[in-house]
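The next block holds one structure in the form of structure tokens; read it before the comments.
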Amino acid sequence: MVDIKANSLVLYKKGAARVKRVDEKLELELRDGKVKRVRPKDVIQLHPGPIARLADLQDQQGEAETAWELLAGSPTTLAELAELIFGAFSPETAWATWNLVDDGLLFDGIPERIQPRSPEGVEEEKCRRESLDRERASWS
């Protein structure tokens, strides 16, 4: 079990949250500014922090396809993948990396064990997405 501390970045219900306070429950600041108290088992730590503001989590530019090619099917962690893609493991790059994993095109898994998808799996997913885009366009 990861020891979650104040000002760490966590994943709560598919969204980013900052841990404001830790006691028997965690007090989280959500992206919409709301505060919520949850059990530690209800979150997944993405970065130990510190992160002062969730507004700092902006889109990042990195080398996701290069990292996918370098890993060639070998599992990795969120921290290692962020280092490969962005050259650093910070709250900002941890969130950007998690968004790539959550997207599911190149990577799949949980922060402790991320698996690069096979080239065949990536091609199938690209075809599936293109098909959905064409279908949506035809309805427009």
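As shown in the structure tokens, the chain order sets the letters A, B, ...; within each chain, residues go from 1, and ligands are also counted from 1 in the order they appear.
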Pick out each residue of chain A that DSSP on the backbone tags as strand (DSSP E); I need them as a PDB file with N, CA, C and O atoms, in the first residue's frame.
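Final file, states-v9.pdb:
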ATOM      1  N   LEU A   9      -0.735  13.966  -5.899  1.00  0.00           N
ATOM      2  CA  LEU A   9      -1.700  13.883  -6.995  1.00  0.00           C
ATOM      3  C   LEU A   9      -2.281  12.476  -7.012  1.00  0.00           C
ATOM      4  O   LEU A   9      -1.536  11.498  -7.040  1.00  0.00           O
ATOM      5  N   VAL A  10      -3.605  12.395  -6.979  1.00  0.00           N
ATOM      6  CA  VAL A  10      -4.266  11.095  -6.985  1.00  0.00           C
ATOM      7  C   VAL A  10      -5.332  11.067  -8.078  1.00  0.00           C
ATOM      8  O   VAL A  10      -5.780  12.099  -8.569  1.00  0.00           O
ATOM      9  N   LEU A  11      -5.700   9.855  -8.424  1.00  0.00           N
ATOM     10  CA  LEU A  11      -6.781   9.621  -9.360  1.00  0.00           C
ATOM     11  C   LEU A  11      -8.003   9.246  -8.541  1.00  0.00           C
ATOM     12  O   LEU A  11      -7.969   8.316  -7.738  1.00  0.00           O
ATOM     13  N   TYR A  12      -9.085  10.009  -8.733  1.00  0.00           N
ATOM     14  CA  TYR A  12     -10.333   9.734  -8.031  1.00  0.00           C
ATOM     15  C   TYR A  12     -11.447   9.731  -9.062  1.00  0.00           C
ATOM     16  O   TYR A  12     -11.707  10.750  -9.720  1.00  0.00           O
ATOM     17  N   GLY A  15     -10.683  11.143 -12.450  1.00  0.00           N
ATOM     18  CA  GLY A  15     -10.256  12.535 -12.515  1.00  0.00           C
ATOM     19  C   GLY A  15      -9.092  12.809 -11.575  1.00  0.00           C
ATOM     20  O   GLY A  15      -8.861  12.073 -10.616  1.00  0.00           O
ATOM     21  N   ALA A  16      -8.386  13.890 -11.858  1.00  0.00           N
ATOM     22  CA  ALA A  16      -7.274  14.296 -11.004  1.00  0.00           C
ATOM     23  C   ALA A  16      -7.801  14.946  -9.738  1.00  0.00           C
ATOM     24  O   ALA A  16      -8.803  15.661  -9.754  1.00  0.00           O
ATOM     25  N   ALA A  17      -7.113  14.688  -8.636  1.00  0.00           N
ATOM     26  CA  ALA A  17      -7.440  15.318  -7.361  1.00  0.00           C
ATOM     27  C   ALA A  17      -6.142  15.558  -6.589  1.00  0.00           C
ATOM     28  O   ALA A  17      -5.170  14.826  -6.752  1.00  0.00           O
ATOM     29  N   ARG A  18      -6.166  16.604  -5.777  1.00  0.00           N
ATOM     30  CA  ARG A  18      -5.019  16.915  -4.911  1.00  0.00           C
ATOM     31  C   ARG A  18      -5.418  16.591  -3.481  1.00  0.00           C
ATOM     32  O   ARG A  18      -6.497  16.984  -3.021  1.00  0.00           O
ATOM     33  N   VAL A  19      -4.545  15.880  -2.785  1.00  0.00           N
ATOM     34  CA  VAL A  19      -4.811  15.554  -1.388  1.00  0.00           C
ATOM     35  C   VAL A  19      -4.520  16.792  -0.551  1.00  0.00           C
ATOM     36  O   VAL A  19      -3.398  17.293  -0.536  1.00  0.00           O
ATOM     37  N   LYS A  20      -5.558  17.299   0.115  1.00  0.00           N
ATOM     38  CA  LYS A  20      -5.398  18.488   0.958  1.00  0.00           C
ATOM     39  C   LYS A  20      -4.972  18.114   2.370  1.00  0.00           C
ATOM     40  O   LYS A  20      -4.138  18.783   2.964  1.00  0.00           O
ATOM     41  N   ARG A  21      -5.602  17.041   2.893  1.00  0.00           N
ATOM     42  CA  ARG A  21      -5.316  16.648   4.275  1.00  0.00           C
ATOM     43  C   ARG A  21      -5.485  15.146   4.400  1.00  0.00           C
ATOM     44  O   ARG A  21      -6.325  14.544   3.733  1.00  0.00           O
ATOM     45  N   VAL A  22      -4.691  14.558   5.300  1.00  0.00           N
ATOM     46  CA  VAL A  22      -4.744  13.124   5.538  1.00  0.00           C
ATOM     47  C   VAL A  22      -5.043  12.873   7.006  1.00  0.00           C
ATOM     48  O   VAL A  22      -4.353  13.387   7.881  1.00  0.00           O
ATOM     49  N   LEU A  26      -9.187  10.827   3.505  1.00  0.00           N
ATOM     50  CA  LEU A  26      -8.435  11.828   2.750  1.00  0.00           C
ATOM     51  C   LEU A  26      -9.370  12.971   2.372  1.00  0.00           C
ATOM     52  O   LEU A  26     -10.494  12.731   1.953  1.00  0.00           O
ATOM     53  N   GLU A  27      -8.893  14.173   2.517  1.00  0.00           N
ATOM     54  CA  GLU A  27      -9.642  15.323   2.043  1.00  0.00           C
ATOM     55  C   GLU A  27      -9.047  15.715   0.694  1.00  0.00           C
ATOM     56  O   GLU A  27      -7.871  16.052   0.601  1.00  0.00           O
ATOM     57  N   LEU A  28      -9.881  15.623  -0.360  1.00  0.00           N
ATOM     58  CA  LEU A  28      -9.422  15.869  -1.719  1.00  0.00           C
ATOM     59  C   LEU A  28      -9.962  17.183  -2.262  1.00  0.00           C
ATOM     60  O   LEU A  28     -11.113  17.537  -2.022  1.00  0.00           O
ATOM     61  N   GLU A  29      -9.130  17.859  -3.015  1.00  0.00           N
ATOM     62  CA  GLU A  29      -9.566  18.998  -3.810  1.00  0.00           C
ATOM     63  C   GLU A  29      -9.738  18.473  -5.232  1.00  0.00           C
ATOM     64  O   GLU A  29      -8.802  17.932  -5.820  1.00  0.00           O
ATOM     65  N   LEU A  30     -10.941  18.624  -5.779  1.00  0.00           N
ATOM     66  CA  LEU A  30     -11.232  18.154  -7.125  1.00  0.00           C
ATOM     67  C   LEU A  30     -10.999  19.268  -8.139  1.00  0.00           C
ATOM     68  O   LEU A  30     -10.854  20.436  -7.767  1.00  0.00           O
ATOM     69  N   VAL A  35     -14.463  20.081  -2.544  1.00  0.00           N
ATOM     70  CA  VAL A  35     -13.675  19.303  -1.601  1.00  0.00           C
ATOM     71  C   VAL A  35     -14.489  18.081  -1.211  1.00  0.00           C
ATOM     72  O   VAL A  35     -15.697  18.171  -0.975  1.00  0.00           O
ATOM     73  N   LYS A  36     -13.830  16.936  -1.155  1.00  0.00           N
ATOM     74  CA  LYS A  36     -14.517  15.678  -0.866  1.00  0.00           C
ATOM     75  C   LYS A  36     -13.655  14.868   0.092  1.00  0.00           C
ATOM     76  O   LYS A  36     -12.442  14.852  -0.018  1.00  0.00           O
ATOM     77  N   ARG A  37     -14.309  14.188   1.034  1.00  0.00           N
ATOM     78  CA  ARG A  37     -13.604  13.289   1.957  1.00  0.00           C
ATOM     79  C   ARG A  37     -13.863  11.857   1.510  1.00  0.00           C
ATOM     80  O   ARG A  37     -15.014  11.462   1.327  1.00  0.00           O
ATOM     81  N   VAL A  38     -12.789  11.097   1.295  1.00  0.00           N
ATOM     82  CA  VAL A  38     -12.905   9.726   0.798  1.00  0.00           C
ATOM     83  C   VAL A  38     -11.950   8.811   1.567  1.00  0.00           C
ATOM     84  O   VAL A  38     -11.011   9.265   2.224  1.00  0.00           O
ATOM     85  N   ILE A  44      -6.114   6.319  -6.293  1.00  0.00           N
ATOM     86  CA  ILE A  44      -4.857   5.733  -6.746  1.00  0.00           C
ATOM     87  C   ILE A  44      -3.854   6.877  -6.836  1.00  0.00           C
ATOM     88  O   ILE A  44      -4.112   7.886  -7.505  1.00  0.00           O
ATOM     89  N   GLN A  45      -2.718   6.728  -6.165  1.00  0.00           N
ATOM     90  CA  GLN A  45      -1.716   7.789  -6.216  1.00  0.00           C
ATOM     91  C   GLN A  45      -1.016   7.767  -7.568  1.00  0.00           C
ATOM     92  O   GLN A  45      -0.537   6.733  -8.010  1.00  0.00           O
ATOM     93  N   LEU A  46      -0.962   8.940  -8.210  1.00  0.00           N
ATOM     94  CA  LEU A  46      -0.250   9.075  -9.470  1.00  0.00           C
ATOM     95  C   LEU A  46       1.130   9.690  -9.272  1.00  0.00           C
ATOM     96  O   LEU A  46       2.062   9.368 -10.003  1.00  0.00           O
ATOM     97  N   HIS A  47       1.241  10.604  -8.300  1.00  0.00           N
ATOM     98  CA  HIS A  47       2.534  11.247  -8.018  1.00  0.00           C
ATOM     99  C   HIS A  47       2.540  11.689  -6.557  1.00  0.00           C
ATOM    100  O   HIS A  47       1.541  12.220  -6.068  1.00  0.00           O
ATOM    101  N   PHE A 107      -1.083   2.266 -24.783  1.00  0.00           N
ATOM    102  CA  PHE A 107      -0.790   1.632 -23.501  1.00  0.00           C
ATOM    103  C   PHE A 107      -2.076   1.237 -22.793  1.00  0.00           C
ATOM    104  O   PHE A 107      -3.132   1.796 -23.049  1.00  0.00           O
ATOM    105  N   ASP A 108      -1.925   0.290 -21.851  1.00  0.00           N
ATOM    106  CA  ASP A 108      -3.062  -0.188 -21.078  1.00  0.00           C
ATOM    107  C   ASP A 108      -2.539  -0.581 -19.702  1.00  0.00           C
ATOM    108  O   ASP A 108      -1.392  -0.985 -19.565  1.00  0.00           O
ATOM    109  N   GLY A 109      -3.375  -0.461 -18.675  1.00  0.00           N
ATOM    110  CA  GLY A 109      -2.967  -0.950 -17.364  1.00  0.00           C
ATOM    111  C   GLY A 109      -3.296  -0.019 -16.231  1.00  0.00           C
ATOM    112  O   GLY A 109      -4.160   0.846 -16.328  1.00  0.00           O
ATOM    113  N   ILE A 110      -2.570  -0.230 -15.143  1.00  0.00           N
ATOM    114  CA  ILE A 110      -2.700   0.555 -13.925  1.00  0.00           C
ATOM    115  C   ILE A 110      -1.350   1.228 -13.674  1.00  0.00           C
ATOM    116  O   ILE A 110      -0.342   0.805 -14.245  1.00  0.00           O
ATOM    117  N   ARG A 113       1.631  -0.994 -13.167  1.00  0.00           N
ATOM    118  CA  ARG A 113       1.968  -1.946 -14.231  1.00  0.00           C
ATOM    119  C   ARG A 113       1.253  -1.532 -15.519  1.00  0.00           C
ATOM    120  O   ARG A 113       0.091  -1.847 -15.714  1.00  0.00           O
ATOM    121  N   ILE A 114       1.998  -0.842 -16.361  1.00  0.00           N
ATOM    122  CA  ILE A 114       1.479  -0.385 -17.642  1.00  0.00           C
ATOM    123  C   ILE A 114       2.075  -1.264 -18.732  1.00  0.00           C
ATOM    124  O   ILE A 114       3.293  -1.486 -18.766  1.00  0.00           O
ATOM    125  N   GLN A 115       1.220  -1.741 -19.590  1.00  0.00           N
ATOM    126  CA  GLN A 115       1.631  -2.647 -20.663  1.00  0.00           C
ATOM    127  C   GLN A 115       1.475  -1.928 -22.009  1.00  0.00           C
ATOM    128  O   GLN A 115       0.383  -1.473 -22.331  1.00  0.00           O
ATOM    129  N   PRO A 116       2.544  -1.845 -22.797  1.00  0.00           N
ATOM    130  CA  PRO A 116       2.376  -1.318 -24.154  1.00  0.00           C
ATOM    131  C   PRO A 116       1.531  -2.293 -24.970  1.00  0.00           C
ATOM    132  O   PRO A 116       1.694  -3.505 -24.852  1.00  0.00           O
TER     133      PRO A 116
END
With a distance cut-off of 9 Å and only C-alpha atoms, select the neighbouring residues of Asp56 of chain A, excluding the residue or stretch itself and same-chain residues fewer than 4 positions from it, and output the selection as an mmCIF file with all heavy atoms, in the first residue's frame.
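File produced: around05.cif:
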data_model
loop_
_atom_site.group_PDB
_atom_site.id
_atom_site.type_symbol
_atom_site.label_atom_id
_atom_site.label_comp_id
_atom_site.auth_asym_id
_atom_site.auth_seq_id
_atom_site.Cartn_x
_atom_site.Cartn_y
_atom_site.Cartn_z
ATOM 1 N N ILE A 51 2.069 19.025 -5.356
ATOM 2 C CA ILE A 51 1.341 19.787 -6.361
ATOM 3 C C ILE A 51 0.515 20.820 -5.608
ATOM 4 O O ILE A 51 -0.218 20.481 -4.685
ATOM 5 C CB ILE A 51 0.471 18.905 -7.275
ATOM 6 C CG1 ILE A 51 -0.229 19.777 -8.311
ATOM 7 C CG2 ILE A 51 -0.505 18.061 -6.495
ATOM 8 C CD1 ILE A 51 -0.870 19.024 -9.450
ATOM 9 N N ALA A 52 0.699 22.066 -5.979
ATOM 10 C CA ALA A 52 0.009 23.147 -5.275
ATOM 11 C C ALA A 52 -1.380 23.405 -5.845
ATOM 12 O O ALA A 52 -2.317 23.687 -5.105
ATOM 13 C CB ALA A 52 0.846 24.424 -5.338
ATOM 14 N N PRO A 91 4.218 15.957 -11.219
ATOM 15 C CA PRO A 91 2.757 15.816 -11.221
ATOM 16 C C PRO A 91 2.155 16.077 -12.603
ATOM 17 O O PRO A 91 1.243 15.377 -13.035
ATOM 18 C CB PRO A 91 2.287 16.853 -10.199
ATOM 19 C CG PRO A 91 3.443 16.994 -9.256
ATOM 20 C CD PRO A 91 4.668 16.848 -10.122
ATOM 21 N N GLU A 92 2.691 17.058 -13.309
ATOM 22 C CA GLU A 92 2.169 17.401 -14.629
ATOM 23 C C GLU A 92 2.397 16.270 -15.634
ATOM 24 O O GLU A 92 1.489 15.913 -16.390
ATOM 25 C CB GLU A 92 2.807 18.703 -15.137
ATOM 26 C CG GLU A 92 2.451 19.919 -14.310
ATOM 27 C CD GLU A 92 3.285 20.078 -13.030
ATOM 28 O OE1 GLU A 92 4.274 19.328 -12.833
ATOM 29 O OE2 GLU A 92 2.936 20.945 -12.215
#
